[in-house]
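Trainee: Here you go, this is input-v9.pdb (PDB, C-alpha atoms and all ligand atoms).
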MODEL        1
ATOM      1  CA  MET A   1      46.403-193.773  54.641
ATOM      2  CA  LEU A   2      46.587-190.166  53.476
ATOM      3  CA  ASN A   3      44.891-190.022  50.131
ATOM      4  CA  ILE A   4      45.462-186.286  50.046
ATOM      5  CA  PHE A   5      49.125-187.148  49.578
ATOM      6  CA  SER A   6      48.637-189.334  46.520
ATOM      7  CA  LEU A   7      46.839-186.498  44.770
ATOM      8  CA  ALA A   8      49.475-183.887  45.572
ATOM      9  CA  ARG A   9      51.521-183.136  42.512
ATOM     10  CA  ARG A  10      53.689-180.310  41.497
ATOM     11  CA  ALA A  11      51.617-177.483  40.128
ATOM     12  CA  HIS A  12      51.845-176.955  36.432
ATOM     13  CA  ARG A  13      53.556-173.660  35.800
ATOM     14  CA  ARG A  14      53.270-171.867  32.524
ATOM     15  CA  VAL A  15      56.022-169.684  31.209
ATOM     16  CA  PHE A  16      55.365-166.310  32.744
ATOM     17  CA  TYR A  17      57.780-164.158  30.862
ATOM     18  CA  GLY A  18      55.993-164.529  27.530
ATOM     19  CA  LEU A  19      52.963-162.993  29.146
ATOM     20  CA  MET A  20      55.030-160.184  30.642
ATOM     21  CA  ALA A  21      56.597-159.390  27.275
ATOM     22  CA  ALA A  22      53.223-159.386  25.558
ATOM     23  CA  THR A  23      51.777-157.164  28.236
ATOM     24  CA  ILE A  24      54.656-154.713  28.025
ATOM     25  CA  ALA A  25      54.237-154.631  24.252
ATOM     26  CA  LEU A  26      50.635-153.588  24.677
ATOM     27  CA  GLY A  27      51.861-150.462  26.351
ATOM     28  CA  LEU A  28      49.965-148.097  28.532
ATOM     29  CA  CYS A  29      46.426-147.251  27.629
ATOM     30  CA  LEU A  30      44.372-144.189  28.311
ATOM     31  CA  THR A  31      42.382-143.919  31.486
ATOM     32  CA  SER A  32      38.705-144.672  31.202
ATOM     33  CA  ALA A  33      35.977-143.883  33.631
ATOM     34  CA  VAL A  34      35.883-145.908  36.830
ATOM     35  CA  ARG A  35      32.800-148.133  36.878
ATOM     36  CA  THR A  36      30.708-148.907  39.900
ATOM     37  CA  ALA A  37      30.495-152.197  41.807
ATOM     38  CA  ALA A  38      27.095-153.029  40.323
ATOM     39  CA  ILE A  39      28.763-153.957  37.032
ATOM     40  CA  PRO A  40      29.930-157.613  36.698
ATOM     41  CA  LEU A  41      33.637-158.125  37.412
ATOM     42  CA  ASP A  42      34.538-159.008  33.823
ATOM     43  CA  LEU A  43      33.229-155.671  32.610
ATOM     44  CA  ILE A  44      35.086-153.811  35.331
ATOM     45  CA  PHE A  45      38.298-155.524  34.282
ATOM     46  CA  GLN A  46      37.749-154.358  30.726
ATOM     47  CA  GLY A  47      36.588-150.921  31.814
ATOM     48  CA  ILE A  48      39.390-149.827  34.110
ATOM     49  CA  ARG A  49      42.630-149.778  32.221
ATOM     50  CA  ILE A  50      44.769-147.688  34.522
ATOM     51  CA  ILE A  51      44.926-148.087  38.278
ATOM     52  CA  GLN A  52      46.375-145.750  40.866
ATOM     53  CA  LEU A  53      48.427-147.915  43.211
ATOM     54  CA  ALA A  54      49.207-145.005  45.535
ATOM     55  CA  ASN A  55      45.572-144.595  46.557
ATOM     56  CA  LEU A  56      44.094-147.934  45.618
ATOM     57  CA  SER A  57      40.655-148.344  47.164
ATOM     58  CA  GLU A  58      39.765-151.507  49.021
ATOM     59  CA  GLN A  59      37.248-152.302  46.314
ATOM     60  CA  GLN A  60      39.930-152.028  43.612
ATOM     61  CA  GLU A  61      42.313-154.122  45.704
ATOM     62  CA  VAL A  62      39.670-156.860  45.906
ATOM     63  CA  GLN A  63      38.976-156.640  42.154
ATOM     64  CA  ILE A  64      42.659-156.908  41.201
ATOM     65  CA  GLY A  65      43.070-159.728  43.731
ATOM     66  CA  ALA A  66      40.169-161.544  42.048
ATOM     67  CA  GLN A  67      41.830-161.168  38.649
ATOM     68  CA  ILE A  68      45.185-162.416  40.004
ATOM     69  CA  ASN A  69      43.337-165.333  41.604
ATOM     70  CA  GLN A  70      41.659-166.176  38.302
ATOM     71  CA  GLN A  71      45.038-166.369  36.591
ATOM     72  CA  LEU A  72      46.667-168.390  39.385
ATOM     73  CA  VAL A  73      43.827-170.899  39.500
ATOM     74  CA  GLN A  74      43.474-171.256  35.720
ATOM     75  CA  SER A  75      47.110-171.126  34.602
ATOM     76  CA  GLU A  76      49.528-171.609  37.480
ATOM     77  CA  PHE A  77      48.081-173.930  40.098
ATOM     78  CA  ARG A  78      46.513-177.347  39.998
ATOM     79  CA  MET A  79      43.764-176.971  42.574
ATOM     80  CA  TYR A  80      42.862-179.627  45.119
ATOM     81  CA  ARG A  81      39.074-179.568  45.005
ATOM     82  CA  ASP A  82      37.918-181.812  47.816
ATOM     83  CA  PRO A  83      34.871-180.085  49.345
ATOM     84  CA  SER A  84      35.498-181.343  52.879
ATOM     85  CA  ALA A  85      39.174-180.328  52.766
ATOM     86  CA  GLU A  86      38.261-176.904  51.381
ATOM     87  CA  ALA A  87      35.615-176.480  54.094
ATOM     88  CA  TYR A  88      38.148-177.438  56.770
ATOM     89  CA  VAL A  89      40.781-174.949  55.586
ATOM     90  CA  SER A  90      38.143-172.249  55.017
ATOM     91  CA  GLN A  91      36.784-172.578  58.524
ATOM     92  CA  ILE A  92      40.263-172.177  60.025
ATOM     93  CA  GLY A  93      40.977-169.223  57.750
ATOM     94  CA  GLN A  94      37.665-167.423  58.239
ATOM     95  CA  ASN A  95      37.986-167.599  62.031
ATOM     96  CA  LEU A  96      41.486-166.114  61.857
ATOM     97  CA  ALA A  97      40.422-163.458  59.326
ATOM     98  CA  ARG A  98      37.573-162.337  61.579
ATOM     99  CA  ALA A  99      40.170-161.794  64.329
ATOM    100  CA  GLY A 100      42.239-159.579  62.028
ATOM    101  CA  GLU A 101      42.386-155.884  61.150
ATOM    102  CA  ARG A 102      40.331-156.179  57.953
ATOM    103  CA  PRO A 103      37.508-158.609  58.816
ATOM    104  CA  ASN A 104      35.241-157.276  56.068
ATOM    105  CA  LEU A 105      37.482-158.307  53.168
ATOM    106  CA  PRO A 106      35.927-161.212  51.207
ATOM    107  CA  PHE A 107      38.546-163.765  52.262
ATOM    108  CA  ARG A 108      38.852-166.975  50.247
ATOM    109  CA  PHE A 109      41.022-169.938  51.247
ATOM    110  CA  GLN A 110      42.035-172.517  48.638
ATOM    111  CA  ILE A 111      44.216-175.630  48.448
ATOM    112  CA  VAL A 112      46.840-176.212  45.754
ATOM    113  CA  ALA A 113      47.639-179.833  44.840
ATOM    114  CA  ASP A 114      51.417-179.662  45.167
ATOM    115  CA  ARG A 115      53.887-181.725  47.198
ATOM    116  CA  ALA A 116      56.043-178.634  47.699
ATOM    117  CA  VAL A 117      55.524-177.139  51.163
ATOM    118  CA  ASN A 118      54.249-173.657  50.394
ATOM    119  CA  ALA A 119      51.614-171.010  51.006
ATOM    120  CA  PHE A 120      50.692-167.880  49.076
ATOM    121  CA  ALA A 121      48.675-164.712  49.454
ATOM    122  CA  THR A 122      47.732-162.160  46.834
ATOM    123  CA  MET A 123      45.722-159.087  47.749
ATOM    124  CA  GLY A 124      42.119-158.481  48.642
ATOM    125  CA  GLY A 125      41.703-161.699  50.624
ATOM    126  CA  TYR A 126      43.038-164.653  48.579
ATOM    127  CA  VAL A 127      45.081-167.244  50.506
ATOM    128  CA  TYR A 128      46.439-170.572  49.231
ATOM    129  CA  VAL A 129      48.098-173.504  51.011
ATOM    130  CA  THR A 130      49.575-176.555  49.301
ATOM    131  CA  THR A 131      48.633-180.138  50.145
ATOM    132  CA  GLY A 132      52.370-180.566  50.872
ATOM    133  CA  LEU A 133      52.155-177.906  53.562
ATOM    134  CA  MET A 134      49.020-179.449  55.063
ATOM    135  CA  LEU A 135      50.853-182.769  55.303
ATOM    136  CA  ALA A 136      54.016-181.185  56.697
ATOM    137  CA  ALA A 137      52.121-179.563  59.589
ATOM    138  CA  ASP A 138      51.939-181.675  62.743
ATOM    139  CA  ASN A 139      48.629-180.281  63.885
ATOM    140  CA  GLU A 140      45.856-177.779  63.173
ATOM    141  CA  ALA A 141      47.532-174.968  65.132
ATOM    142  CA  GLN A 142      50.617-175.161  62.875
ATOM    143  CA  LEU A 143      48.441-175.021  59.746
ATOM    144  CA  ALA A 144      46.509-172.134  61.312
ATOM    145  CA  GLY A 145      49.817-170.366  62.014
ATOM    146  CA  VAL A 146      50.770-170.380  58.345
ATOM    147  CA  ILE A 147      47.281-169.279  57.274
ATOM    148  CA  GLY A 148      47.391-166.488  59.882
ATOM    149  CA  HIS A 149      50.761-165.367  58.538
ATOM    150  CA  GLU A 150      49.338-165.187  54.987
ATOM    151  CA  ILE A 151      46.307-163.227  56.224
ATOM    152  CA  GLY A 152      48.858-160.901  57.841
ATOM    153  CA  HIS A 153      50.407-160.216  54.421
ATOM    154  CA  ILE A 154      46.968-159.277  53.067
ATOM    155  CA  ASN A 155      45.976-157.138  56.053
ATOM    156  CA  GLY A 156      49.341-155.360  55.898
ATOM    157  CA  ARG A 157      48.789-154.647  52.180
ATOM    158  CA  HIS A 158      52.253-156.017  51.543
ATOM    159  CA  LEU A 159      51.621-157.089  47.962
ATOM    160  CA  VAL A 160      50.037-153.758  47.073
ATOM    161  CA  GLU A 161      53.174-151.950  48.272
ATOM    162  CA  GLN A 162      55.481-154.458  46.602
ATOM    163  CA  MET A 163      53.542-154.117  43.349
ATOM    164  CA  LYS A 164      53.917-150.349  43.500
ATOM    165  CA  ASN A 165      57.671-150.573  44.119
ATOM    166  CA  ASP A 166      58.084-153.167  41.386
ATOM    167  CA  ALA A 167      56.218-151.007  38.860
ATOM    168  CA  ILE A 168      58.334-147.968  39.732
ATOM    169  CA  TYR A 169      61.545-150.007  39.572
ATOM    170  CA  ARG A 170      60.650-151.342  36.132
ATOM    171  CA  GLY A 171      59.697-147.869  34.982
ATOM    172  CA  ILE A 172      56.262-148.990  33.814
ATOM    173  CA  ALA A 173      54.129-146.792  36.073
ATOM    174  CA  THR A 174      53.357-143.362  34.683
ATOM    175  CA  ALA A 175      51.920-140.253  36.305
ATOM    176  CA  ALA A 176      48.519-141.584  35.235
ATOM    177  CA  GLY A 177      49.075-144.916  37.011
ATOM    178  CA  LEU A 178      49.702-148.507  36.053
ATOM    179  CA  ASP A 179      48.042-150.548  33.328
ATOM    180  CA  ARG A 180      45.687-152.994  34.963
ATOM    181  CA  GLN A 181      46.815-156.068  33.005
ATOM    182  CA  MET A 182      50.381-155.208  33.910
ATOM    183  CA  ALA A 183      49.404-154.930  37.567
ATOM    184  CA  VAL A 184      47.845-158.389  37.433
ATOM    185  CA  ALA A 185      50.942-159.857  35.735
ATOM    186  CA  ILE A 186      53.170-158.330  38.405
ATOM    187  CA  GLY A 187      50.809-159.590  41.123
ATOM    188  CA  VAL A 188      50.991-163.172  39.823
ATOM    189  CA  ASP A 189      54.790-162.971  39.648
ATOM    190  CA  LEU A 190      55.037-161.544  43.172
ATOM    191  CA  ALA A 191      52.677-164.098  44.684
ATOM    192  CA  LEU A 192      54.488-167.068  43.166
ATOM    193  CA  ARG A 193      58.129-166.218  42.798
ATOM    194  CA  LYS A 194      59.278-163.068  44.544
ATOM    195  CA  PRO A 195      60.216-163.279  48.213
ATOM    196  CA  ARG A 196      58.603-160.880  50.635
ATOM    197  CA  SER A 197      60.941-158.466  52.423
ATOM    198  CA  ARG A 198      62.248-159.233  55.892
ATOM    199  CA  ALA A 199      60.179-156.351  57.271
ATOM    200  CA  ASP A 200      57.017-157.787  55.688
ATOM    201  CA  GLU A 201      57.837-161.226  57.080
ATOM    202  CA  PHE A 202      58.205-159.890  60.630
ATOM    203  CA  ASP A 203      54.996-157.894  60.255
ATOM    204  CA  ALA A 204      53.009-160.867  58.877
ATOM    205  CA  ASP A 205      54.403-163.101  61.645
ATOM    206  CA  GLU A 206      53.351-160.736  64.408
ATOM    207  CA  ARG A 207      49.895-160.268  62.910
ATOM    208  CA  GLY A 208      49.501-164.034  62.469
ATOM    209  CA  LEU A 209      50.594-164.628  66.050
ATOM    210  CA  ARG A 210      47.958-162.163  67.289
ATOM    211  CA  TYR A 211      45.189-163.841  65.284
ATOM    212  CA  LEU A 212      46.212-167.264  66.642
ATOM    213  CA  GLY A 213      45.949-165.936  70.198
ATOM    214  CA  ARG A 214      42.590-164.274  69.598
ATOM    215  CA  VAL A 215      41.075-167.446  68.126
ATOM    216  CA  GLY A 216      42.518-169.547  70.947
ATOM    217  CA  TYR A 217      45.171-171.527  69.069
ATOM    218  CA  ALA A 218      48.553-172.174  70.657
ATOM    219  CA  GLN A 219      50.763-169.302  69.491
ATOM    220  CA  SER A 220      53.866-171.475  69.886
ATOM    221  CA  ALA A 221      52.711-173.516  66.872
ATOM    222  CA  LEU A 222      53.893-170.891  64.371
ATOM    223  CA  PRO A 223      57.557-170.717  65.506
ATOM    224  CA  ASP A 224      57.512-174.488  66.071
ATOM    225  CA  PHE A 225      56.425-175.113  62.488
ATOM    226  CA  LEU A 226      59.043-172.722  61.102
ATOM    227  CA  GLN A 227      61.641-174.557  63.179
ATOM    228  CA  LYS A 228      60.433-177.860  61.775
ATOM    229  CA  LEU A 229      60.724-176.574  58.194
ATOM    230  CA  ARG A 230      64.115-175.077  58.876
ATOM    231  CA  SER A 231      65.517-178.358  60.161
ATOM    232  CA  GLN A 232      64.541-180.258  57.009
ATOM    233  CA  ARG A 233      67.398-181.358  54.777
ATOM    234  CA  SER A 234      66.194-179.531  51.668
ATOM    235  CA  THR A 235      64.846-176.018  52.152
ATOM    236  CA  PRO A 236      61.048-176.009  51.708
ATOM    237  CA  ALA A 237      59.693-173.590  49.086
ATOM    238  CA  PHE A 238      57.841-171.711  51.809
ATOM    239  CA  LEU A 239      61.140-170.506  53.293
ATOM    240  CA  SER A 240      62.327-169.267  49.877
ATOM    241  CA  THR A 241      59.398-166.911  49.448
ATOM    242  CA  HIS A 242      59.100-166.209  53.198
ATOM    243  CA  PRO A 243      62.765-165.599  54.179
ATOM    244  CA  ALA A 244      64.798-165.072  57.374
ATOM    245  CA  PRO A 245      63.443-168.047  59.376
ATOM    246  CA  ALA A 246      66.060-168.006  62.167
ATOM    247  CA  GLU A 247      65.432-164.389  63.162
ATOM    248  CA  ARG A 248      61.702-164.850  62.736
ATOM    249  CA  ILE A 249      61.608-167.867  65.049
ATOM    250  CA  SER A 250      63.354-166.007  67.872
ATOM    251  CA  ASN A 251      61.199-162.901  67.290
ATOM    252  CA  LEU A 252      58.011-165.016  67.380
ATOM    253  CA  ASN A 253      59.069-166.803  70.544
ATOM    254  CA  ASN A 254      59.671-163.405  72.174
ATOM    255  CA  LYS A 255      56.267-162.097  71.072
ATOM    256  CA  ILE A 256      54.138-164.979  72.360
ATOM    257  CA  SER A 257      51.631-163.214  74.599
ATOM    258  CA  GLN A 258      49.625-166.087  76.032
ATOM    259  CA  PRO A 259      50.673-169.563  77.148
ATOM    260  CA  GLY A 260      48.968-172.783  76.116
ATOM    261  CA  GLY A 261      46.199-172.810  73.540
ATOM    262  CA  ALA A 262      44.311-175.269  71.370
ATOM    263  CA  GLY A 263      45.028-177.117  68.145
ATOM    264  CA  LEU A 264      48.020-179.190  69.259
ATOM    265  CA  ASP A 265      46.419-182.647  68.979
ATOM    266  CA  ASN A 266      48.569-184.355  66.329
ATOM    267  CA  VAL A 267      46.467-187.525  66.173
ATOM    268  CA  ALA A 268      43.202-185.611  65.676
ATOM    269  CA  TYR A 269      44.841-183.648  62.848
ATOM    270  CA  ARG A 270      46.081-186.777  61.023
ATOM    271  CA  ASN A 271      42.606-188.268  61.399
ATOM    272  CA  GLN A 272      41.124-185.105  59.929
ATOM    273  CA  LEU A 273      43.454-185.262  56.903
ATOM    274  CA  SER A 274      42.742-188.970  56.361
ATOM    275  CA  GLN A 275      39.085-188.132  55.725
ATOM    276  CA  PHE A 276      39.948-186.168  52.605
ATOM    277  CA  ARG A 277      39.873-188.063  49.345
TER     278      ARG A 277
HETATM  279 ZN    ZN L   1      55.455-164.368  54.507
ENDMDL
END
Turn the structure described in the file into structure tokens.
Mentor:
Amino acid sequence: MLNIFSLARRAHRRVFYGLMAATIALGLCLTSAVRTAAIPLDLIFQGIRIIQLANLSEQQEVQIGAQINQQLVQSEFRMYRDPSAEAYVSQIGQNLARAGERPNLPFRFQIVADRAVNAFATMGGYVYVTTGLMLAADNEAQLAGVIGHEIGHINGRHLVEQMKNDAIYRGIATAAGLDRQMAVAIGVDLALRKPRSRADEFDADERGLRYLGRVGYAQSALPDFLQKLRSQRSTPAFLSTHPAPAERISNLNNKISQPGGAGLDNVAYRNQLSQFR
């Protein structure tokens, strides 16, 4: 009996475009002095109005990621707050993150109560998986594969680059930079609705595959899970925001660097999930 399943519902989504319109109407504000990290986050958010995406510091990336996370958690997602489930996903994620290129980012792994099979990443270390995705995975290595892929998006700074391109395309970035509230609105939109590019997908896959190998998980689990999703009758949401599954599966299978690996015990994984409320 998987109680996690009975709690999984579609996340409540608020209308985003009203926010975008309001934010655009606010217009660009003047640059104010950059505050230091000793100041509470809320004050920093009020203090820095304009950000420079071209040379965004890691600290700023983390701060904007935290603000995007706040909006996702409060307005877009219905969170699945079972402490043992959160601890389980966090442990998998933290081990993979430590094996990555940016182990010092303050990574945070959270679960969204949603039957849709999906996973998200923002910037600065925030990763989300849905309860639907946890249930769709056959085993821990497959779940770890998706989490590793999302960490790959963060370590590759894919959303930072996409945000920059989006701001330029919309003509809302000036020589001074981009309004911070606008950056957060774009970040929320990108995380939820805009697909990553094929190049970003290949990059995140290869990074994720490396992390799986370093931690000791079976690398084959990532292409196997993509294949499983691809063969489902209705396309899972994860493949809409993470496109090109066929090419990715063959690329991943070619890049597997070590045979075998842990995390393939399907029964142990179902037992683990059944312990969540
Ligand atoms: Zn992706």
Trainee: Given a cut-off of 8 Å, what residues near ligand ZN 1 (chain L) show up using only C-alpha atoms and all ligand atoms, put as a PyMOL selection string?
Mentor: chain A and resi 149-150+153+195-196+200-201+204-205+241-243
Trainee: Would you mind exporting the chosen residues as an mmCIF file, in the coordinates of the input, restricted to C-alpha atoms?
Mentor:
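What follows is the written file out-v2.cif:
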data_model
loop_
_atom_site.group_PDB
_atom_site.id
_atom_site.type_symbol
_atom_site.label_atom_id
_atom_site.label_comp_id
_atom_site.auth_asym_id
_atom_site.auth_seq_id
_atom_site.Cartn_x
_atom_site.Cartn_y
_atom_site.Cartn_z
ATOM 1 C CA HIS A 149 50.761 -165.367 58.538
ATOM 2 C CA GLU A 150 49.338 -165.187 54.987
ATOM 3 C CA HIS A 153 50.407 -160.216 54.421
ATOM 4 C CA PRO A 195 60.216 -163.279 48.213
ATOM 5 C CA ARG A 196 58.603 -160.880 50.635
ATOM 6 C CA ASP A 200 57.017 -157.787 55.688
ATOM 7 C CA GLU A 201 57.837 -161.226 57.080
ATOM 8 C CA ALA A 204 53.009 -160.867 58.877
ATOM 9 C CA ASP A 205 54.403 -163.101 61.645
ATOM 10 C CA THR A 241 59.398 -166.911 49.448
ATOM 11 C CA HIS A 242 59.100 -166.209 53.198
ATOM 12 C CA PRO A 243 62.765 -165.599 54.179
#
Trainee: Applying 8 Å and all atoms listed in the file, which residues near Phe120 in chain A remain after dropping the ones on its own chain fewer than 2 positions away? List them as a list in words.
Mentor: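 After dropping sequence-adjacent residues, the list is Asn118, Thr122, Val127, Tyr128, Val129, Glu150, Ala191 and Leu192 of chain A.
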Trainee: For this file, the PyMOL selection byres (((chain A and resi 225-234) around 9) and not hetatm) selects which residues, as a ChimeraX atom specification?
Mentor: /A:117,136-138,142-143,145-146,220-224,235-236,238-239,245-246,248-249
Trainee: Could you take the residues named above and write them with C-alpha atoms, as an mmCIF file, in the coordinates of the input?
Mentor:
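result-v5.cif written:
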data_model
loop_
_atom_site.group_PDB
_atom_site.id
_atom_site.type_symbol
_atom_site.label_atom_id
_atom_site.label_comp_id
_atom_site.auth_asym_id
_atom_site.auth_seq_id
_atom_site.Cartn_x
_atom_site.Cartn_y
_atom_site.Cartn_z
ATOM 1 C CA VAL A 117 55.524 -177.139 51.163
ATOM 2 C CA ALA A 136 54.016 -181.185 56.697
ATOM 3 C CA ALA A 137 52.121 -179.563 59.589
ATOM 4 C CA ASP A 138 51.939 -181.675 62.743
ATOM 5 C CA GLN A 142 50.617 -175.161 62.875
ATOM 6 C CA LEU A 143 48.441 -175.021 59.746
ATOM 7 C CA GLY A 145 49.817 -170.366 62.014
ATOM 8 C CA VAL A 146 50.770 -170.380 58.345
ATOM 9 C CA SER A 220 53.866 -171.475 69.886
ATOM 10 C CA ALA A 221 52.711 -173.516 66.872
ATOM 11 C CA LEU A 222 53.893 -170.891 64.371
ATOM 12 C CA PRO A 223 57.557 -170.717 65.506
ATOM 13 C CA ASP A 224 57.512 -174.488 66.071
ATOM 14 C CA THR A 235 64.846 -176.018 52.152
ATOM 15 C CA PRO A 236 61.048 -176.009 51.708
ATOM 16 C CA PHE A 238 57.841 -171.711 51.809
ATOM 17 C CA LEU A 239 61.140 -170.506 53.293
ATOM 18 C CA PRO A 245 63.443 -168.047 59.376
ATOM 19 C CA ALA A 246 66.060 -168.006 62.167
ATOM 20 C CA ARG A 248 61.702 -164.850 62.736
ATOM 21 C CA ILE A 249 61.608 -167.867 65.049
#
Trainee: Report the distance between CA of Leu135 in chain A and CA of Gly208 in chain A in Å, rounded to one decimal place.
Mentor: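 CA of Gly208 in chain A lies 20.1 Å from CA of Leu135 in chain A.
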Trainee: Between CA of Gly152 in chain A and CA of Arg198 in chain A, what is the spacing in Å?
Mentor: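 Those two atoms sit 13.6 Å apart.
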